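**Q** My structure is in query_38.cif, and what it holds is mmCIF, C-alpha atoms and all ligand atoms:
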```
data_final
loop_
_atom_site.label_atom_id
_atom_site.label_comp_id
_atom_site.auth_asym_id
_atom_site.auth_seq_id
_atom_site.Cartn_x
_atom_site.Cartn_y
_atom_site.Cartn_z
CA MET A 118 20.00 -18.34 -0.95
CA THR A 119 21.16 -21.95 -1.05
CA SER A 120 18.68 -24.81 -1.44
CA THR A 121 19.27 -25.77 2.23
CA VAL A 122 18.17 -22.29 3.29
CA LEU A 123 15.07 -22.56 1.11
CA THR A 124 14.37 -26.01 2.56
CA GLN A 125 14.83 -24.65 6.07
CA PHE A 126 12.55 -21.72 5.24
CA MET A 127 9.78 -24.06 4.04
CA ALA A 128 10.19 -26.27 7.11
CA GLU A 129 9.77 -23.24 9.40
CA LEU A 130 6.79 -22.02 7.35
CA LEU A 131 5.09 -25.43 7.49
CA SER A 132 5.86 -25.86 11.18
CA GLY A 133 4.30 -22.49 11.98
CA LYS A 134 7.56 -20.97 13.27
CA ILE A 135 7.09 -18.44 10.45
CA ARG A 136 3.59 -16.95 10.34
CA MET A 137 1.92 -15.51 7.23
CA VAL A 138 -0.19 -12.36 7.57
CA ASP A 139 -2.56 -11.19 4.83
CA LEU A 140 -2.18 -7.42 4.41
CA THR A 141 -4.87 -7.23 1.71
CA GLU A 142 -8.41 -5.85 1.73
CA THR A 143 -11.13 -7.94 0.07
CA LEU A 144 -12.16 -6.58 -3.32
CA THR A 145 -15.92 -5.93 -3.43
CA PRO A 146 -18.02 -3.44 -5.42
CA ASP A 147 -18.45 -1.50 -2.14
CA PHE A 148 -14.72 -0.97 -1.57
CA PRO A 149 -14.09 2.79 -1.84
CA THR A 150 -11.79 4.36 -4.42
CA ILE A 151 -9.96 7.67 -4.14
CA VAL A 152 -12.13 10.68 -5.00
CA LEU A 153 -10.32 13.36 -7.03
CA PRO A 154 -11.79 16.81 -7.84
CA PRO A 155 -14.61 16.37 -10.42
CA GLU A 156 -12.60 17.96 -13.24
CA PHE A 157 -10.15 15.01 -13.17
CA GLY A 158 -10.53 11.39 -14.32
CA GLN A 159 -11.59 8.94 -11.60
CA ALA A 160 -10.60 5.40 -10.67
CA TRP A 161 -13.11 2.69 -11.56
CA PRO A 162 -14.51 0.84 -8.56
CA PHE A 163 -14.32 -2.96 -8.54
CA ARG A 164 -17.08 -4.47 -10.66
CA ILE A 165 -17.66 -8.21 -11.17
CA GLU A 166 -20.09 -10.07 -13.43
CA GLU A 167 -20.73 -13.82 -13.44
CA ILE A 168 -20.11 -15.54 -16.75
CA SER A 169 -21.41 -18.94 -15.61
CA ARG A 170 -21.86 -21.02 -12.49
CA TYR A 171 -22.26 -24.72 -13.38
CA ASP A 172 -25.33 -23.89 -15.48
CA GLU A 173 -26.43 -23.59 -19.10
CA ARG A 174 -23.86 -20.80 -19.60
CA GLY A 175 -21.11 -23.24 -18.60
CA PRO A 176 -22.22 -26.59 -17.17
CA ALA A 177 -19.07 -27.55 -15.29
CA TRP A 178 -17.43 -24.24 -14.46
CA TYR A 179 -17.81 -21.00 -12.48
CA TRP A 180 -16.03 -17.84 -13.57
CA ASN A 181 -16.48 -14.06 -13.68
CA ASN A 182 -15.41 -11.01 -15.60
CA PHE A 183 -14.27 -8.06 -13.50
CA SER A 184 -13.18 -4.46 -14.05
CA MET A 185 -11.30 -1.99 -11.83
CA SER A 186 -8.60 0.66 -11.86
CA GLU A 187 -4.89 -0.11 -11.47
CA HIS A 188 -5.40 1.87 -8.23
CA THR A 189 -8.46 0.11 -6.80
CA GLY A 190 -8.30 -1.74 -3.50
CA THR A 191 -5.02 -2.87 -2.01
CA HIS A 192 -2.59 -1.89 -4.74
CA PHE A 193 1.01 -1.17 -5.71
CA ASP A 194 2.13 2.21 -7.05
CA ALA A 195 4.92 2.14 -9.65
CA PRO A 196 7.22 5.18 -10.13
CA VAL A 197 5.68 5.98 -13.52
CA HIS A 198 2.39 6.72 -11.70
CA TRP A 199 3.65 10.20 -10.82
CA ILE A 200 5.05 12.80 -13.22
CA THR A 201 8.25 12.98 -11.14
CA GLY A 202 8.84 9.30 -11.86
CA LYS A 203 7.96 9.33 -15.54
CA ASP A 204 11.59 9.11 -16.73
CA GLN A 205 12.90 6.75 -14.05
CA PRO A 206 14.37 3.47 -15.36
CA ASN A 207 12.20 0.32 -15.12
CA ASN A 208 9.38 2.41 -13.68
CA CYS A 209 6.31 0.41 -14.77
CA VAL A 210 4.85 -2.65 -13.03
CA ASP A 211 6.02 -4.89 -15.90
CA THR A 212 9.60 -3.61 -15.83
CA ILE A 213 10.33 -3.10 -12.12
CA PRO A 214 13.12 -5.53 -11.08
CA LEU A 215 11.78 -8.71 -9.43
CA ASP A 216 13.83 -8.18 -6.27
CA ALA A 217 11.71 -5.09 -5.55
CA PHE A 218 8.77 -7.38 -4.80
CA ILE A 219 10.31 -8.87 -1.66
CA ALA A 220 11.51 -6.52 1.07
CA GLU A 221 11.56 -6.11 4.84
CA ALA A 222 9.11 -3.72 6.51
CA CYS A 223 9.24 -1.30 9.43
CA VAL A 224 5.81 -0.54 10.89
CA ILE A 225 5.41 2.86 12.56
CA ASP A 226 2.34 2.84 14.82
CA CYS A 227 0.43 6.12 14.45
CA SER A 228 -2.95 4.56 15.30
CA ARG A 229 -3.60 6.58 18.45
CA GLU A 230 -2.54 9.84 16.85
CA SER A 231 -4.71 9.12 13.78
CA GLU A 232 -7.68 8.29 15.99
CA ASP A 233 -7.28 11.67 17.72
CA ASN A 234 -6.64 13.61 14.48
CA PRO A 235 -7.73 12.20 11.09
CA ASP A 236 -5.36 14.71 9.44
CA PHE A 237 -2.36 13.47 11.44
CA LEU A 238 0.90 13.85 9.49
CA LEU A 239 3.91 11.64 10.15
CA THR A 240 6.99 13.78 10.85
CA ILE A 241 10.77 13.23 11.00
CA ASP A 242 10.66 13.67 14.78
CA PHE A 243 7.99 10.98 15.10
CA VAL A 244 10.16 8.58 13.06
CA LYS A 245 13.23 9.44 15.18
CA GLN A 246 11.23 8.69 18.37
CA TRP A 247 10.27 5.35 16.83
CA GLU A 248 13.93 4.65 15.98
CA ALA A 249 14.97 5.49 19.54
CA GLN A 250 12.72 2.58 20.63
CA HIS A 251 13.24 0.10 17.77
CA GLY A 252 16.56 1.02 16.18
CA GLU A 253 17.29 2.74 12.90
CA ILE A 254 15.23 1.90 9.84
CA PRO A 255 17.46 -0.43 7.75
CA ALA A 256 18.16 0.47 4.13
CA ARG A 257 15.84 -0.76 1.38
CA CYS A 258 12.94 -1.39 3.78
CA TRP A 259 9.27 -0.59 3.35
CA VAL A 260 8.03 1.99 5.85
CA PHE A 261 4.41 1.21 6.70
CA MET A 262 2.37 3.87 8.51
CA ARG A 263 -0.02 1.99 10.79
CA THR A 264 -3.16 4.07 11.38
CA ASP A 265 -5.80 1.30 11.83
CA TRP A 266 -7.65 3.06 9.03
CA SER A 267 -8.47 -0.38 7.59
CA LYS A 268 -10.74 -0.95 10.61
CA ARG A 269 -12.91 2.03 9.68
CA GLU A 270 -16.39 1.69 8.21
CA LYS A 271 -15.72 1.54 4.46
CA ARG A 272 -18.79 3.43 3.28
CA THR A 273 -18.19 6.54 5.42
CA GLU A 274 -15.23 6.88 7.77
CA TYR A 275 -12.65 5.29 5.47
CA LEU A 276 -12.54 8.05 2.84
CA ASN A 277 -13.77 10.49 5.52
CA GLN A 278 -14.94 12.90 2.81
CA LYS A 279 -15.97 16.39 4.01
CA GLU A 280 -16.93 19.43 1.96
CA ASP A 281 -13.22 20.29 1.53
CA GLY A 282 -12.17 16.79 0.47
CA ALA A 283 -10.88 13.71 2.29
CA HIS A 284 -9.44 13.76 5.81
CA SER A 285 -7.05 10.87 6.41
CA PRO A 286 -3.49 10.62 7.77
CA GLY A 287 -0.26 10.42 5.81
CA PRO A 288 3.35 11.62 5.73
CA ASN A 289 4.27 15.30 5.84
CA ALA A 290 6.37 16.91 3.09
CA ASP A 291 9.65 16.71 5.04
CA VAL A 292 9.65 13.09 6.19
CA VAL A 293 9.45 11.55 2.71
CA PRO A 294 12.68 13.07 1.29
CA TRP A 295 14.32 12.41 4.65
CA LEU A 296 13.36 8.70 4.56
CA ILE A 297 14.76 8.47 1.02
CA LYS A 298 18.00 10.42 1.62
CA GLU A 299 18.79 9.32 5.20
CA ARG A 300 17.30 5.79 5.26
CA ASP A 301 17.26 4.76 1.59
CA VAL A 302 13.70 3.41 1.99
CA HIS A 303 12.23 0.95 -0.49
CA GLY A 304 8.80 2.59 -0.46
CA PHE A 305 5.93 3.79 1.71
CA GLY A 306 2.77 1.93 2.64
CA THR A 307 -0.53 2.98 4.20
CA GLU A 308 -3.91 1.56 5.17
CA SER A 309 -5.82 4.52 3.76
CA VAL A 310 -6.87 5.00 0.14
CA GLY A 311 -3.61 6.70 -0.84
CA THR A 312 0.00 6.87 0.29
CA ASP A 313 -0.58 10.59 0.77
CA ALA A 314 -2.81 12.22 3.38
CA GLY A 315 -6.36 13.13 2.42
CA GLN A 316 -5.48 16.86 2.46
CA ALA A 317 -2.09 16.34 0.75
CA GLN A 318 -3.07 18.61 -2.12
CA HIS A 319 -2.38 21.51 0.28
CA LEU A 320 1.15 20.35 1.21
CA ASP A 321 4.30 21.67 -0.50
CA PRO A 322 4.85 19.94 -2.85
CA PRO A 323 1.30 18.62 -3.22
CA PHE A 324 1.09 14.85 -2.65
CA PRO A 325 4.67 14.69 -1.29
CA CYS A 326 4.75 10.91 -0.94
CA HIS A 327 3.92 10.36 -4.60
CA TYR A 328 6.13 13.30 -5.61
CA PHE A 329 9.30 12.21 -3.81
CA MET A 330 8.91 8.41 -3.61
CA HIS A 331 8.21 7.95 -7.32
CA GLY A 332 10.61 10.78 -8.28
CA ASN A 333 13.31 8.66 -6.63
CA ASN A 334 12.17 5.39 -8.23
CA ARG A 335 10.58 4.07 -5.03
CA TYR A 336 7.22 2.41 -4.58
CA GLY A 337 3.90 2.72 -2.80
CA LEU A 338 1.39 0.33 -1.26
CA GLN A 339 -2.02 1.52 -0.10
CA CYS A 340 -5.36 0.23 1.20
CA MET A 341 -3.46 -2.33 3.25
CA ALA A 342 -4.99 -4.16 6.23
CA ASN A 343 -3.77 -5.90 9.40
CA LEU A 344 -0.65 -3.80 9.96
CA ASP A 345 -1.47 -4.18 13.66
CA GLN A 346 -0.52 -7.86 13.29
CA LEU A 347 3.06 -7.04 12.26
CA PRO A 348 6.06 -6.45 14.54
CA PRO A 349 7.71 -3.00 14.40
CA LYS A 350 10.62 -4.54 12.47
CA GLY A 351 11.50 -7.79 10.78
CA ALA A 352 8.46 -8.75 8.72
CA VAL A 353 9.25 -9.71 5.12
CA ILE A 354 6.74 -8.45 2.56
CA PHE A 355 5.82 -10.13 -0.74
CA SER A 356 4.17 -7.56 -3.04
CA ALA A 357 4.30 -8.54 -6.73
CA PRO A 358 1.92 -6.47 -8.89
CA LEU A 359 0.21 -7.78 -12.01
CA LYS A 360 2.48 -7.64 -15.05
CA ILE A 361 0.46 -4.96 -16.87
CA ARG A 362 2.31 -3.58 -19.90
CA SER A 363 3.39 0.00 -19.02
CA GLY A 364 1.17 -0.19 -15.94
CA SER A 365 1.21 2.60 -13.33
CA GLY A 366 0.25 0.20 -10.56
CA SER A 367 -1.89 -2.82 -9.88
CA PRO A 368 -4.14 -4.47 -7.34
CA LEU A 369 -2.31 -7.33 -5.67
CA ARG A 370 -2.25 -9.70 -2.70
CA VAL A 371 0.25 -8.39 -0.12
CA LEU A 372 1.63 -11.08 2.18
CA ALA A 373 3.85 -10.69 5.22
CA LEU A 374 6.06 -13.37 6.72
CA THR A 375 6.87 -12.82 10.36
CA PRO A 376 8.36 -14.88 13.17
CA SER A 377 5.57 -16.48 15.22
CA SER A 378 5.54 -14.71 18.58
O1 LIG B 401 -1.96 6.39 -6.05
C1 LIG B 401 -3.15 6.59 -5.77
O2 LIG B 401 -4.02 5.71 -5.84
C2 LIG B 401 -3.48 7.92 -5.31
O3 LIG B 401 -3.47 8.10 -4.13
C3 LIG B 401 -3.71 9.01 -6.32
C4 LIG B 401 -4.03 8.68 -7.63
C5 LIG B 401 -4.22 9.71 -8.55
C6 LIG B 401 -4.10 11.03 -8.19
C7 LIG B 401 -3.77 11.36 -6.89
C8 LIG B 401 -3.58 10.34 -5.96
S1 LIG B 401 -3.17 10.76 -4.33
MN MN B 402 -2.18 4.30 -6.10
#
```
Turn the structure described in the file into structure tokens.
Ligand SMILES: O=C(O)C(=O)c1ccccc1S
Ligand SMILES: [Mn+2]
**A**
Amino acid sequence: MTSTVLTQFMAELLSGKIRMVDLTETLTPDFPTIVLPPEFGQAWPFRIEEISRYDERGPAWYWNNFSMSEHTGTHFDAPVHWITGKDQPNNCVDTIPLDAFIAEACVIDCSRESEDNPDFLLTIDFVKQWEAQHGEIPARCWVFMRTDWSKREKRTEYLNQKEDGAHSPGPNADVVPWLIKERDVHGFGTESVGTDAGQAQHLDPPFPCHYFMHGNNRYGLQCMANLDQLPPKGAVIFSAPLKIRSGSGSPLRVLALTPSS
């Protein structure tokens, strides 16, 4: 990218011809984390504690300590997160190549289907119908599954926990390897608490998005918001995780740049 292109880019950004969309949920202690079976370790929820606020603990400054999991809130999944990705090269958040943090996105709208069926699974046929309308998914693109799950009430409907676990949409076990093999996708993104469906433990293989995406050195984004504000194609996504040594993922701010309509 020459300096004139960068200058032109900034001019279009400042003029509003390029719009920025925040795809990130706000981190609060109430934001839900994934619930695994009780015999497994669990993700810490976001916790924050004031150190000082212009007072005797620090007269001129306000700051906090906080704690959370690598997989709390809107976050990035690195290939090392899943056992199938454990031997992939540069598979941790601190070693993933920088150019992986900027990529185009295709947004597949499954919001109506997910409203009708919380266990909706994205299929190859559904993707092909989308491509018939919007053209083929270009190589090295994010595929975002828009379900409007981010609009759900966070304390109840978002995790949608029932006695047999969570019920939320995701990809089926065939579409993930197909997206990798046939469309060379960059990674998969969702609005729900995981890149896999709530009942993905019953798919074959279990958790197919984690299994295949990370097993092929691809990435995940989850707990995203505002996918309804993106065009089906053409948005550019900035998603740089924290540089945690050997990290399996990290909370991050996900930004989209899109042409102003
Ligand atoms: O990557 C995640 O946050 C996630 O969804 C997950 C984490 C750990 C175990 C299973 C899953 S399915
Ligand atoms: Mn994760």
**Q** Dig up all the protein and nucleic acid residues within 10 Å of (-0.4, 9.9, 15.6) in the file frame, using only C-alpha atoms, and format them as a PyMOL selection string.
**A** chain A and resi 225-240+243+262-264+286-287
**Q** Just to confirm, what's the straight-line distance from atom CA of A:Ala290 to atom CA of A:Gln318 in Å (one decimal)?
**A** 10.9 Å
**Q** Please identify the residues whose atoms come within 7 Å of ligand MN 402 (chain B), using all atoms listed in the file, and report them as JSON, numbers by chain.
**A** {"A": [188, 192, 193, 194, 311, 339, 366]}
**Q** List all protein, DNA and RNA residues that have an atom no more than 10 Å from any atom of ligand LIG 401 (chain B), counting only C-alpha atoms and all ligand atoms, and report them as number ranges by chain.
**A** A: 150-154, 157-160, 186-195, 198-199, 309-318, 323-328, 337-340, 365-367
**Q** List as a list in words the protein and nucleic acid residues near stretch 332-335 of chain A, meaning an atom at most 6 Å away when all atoms listed in the file are counted, but skip any in the same chain fewer than 5 places from it.
**A**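 Near neighbours after the sequence-gap exclusion: Pro196, Thr201, Gly202, His303 and Gly304 of chain A.
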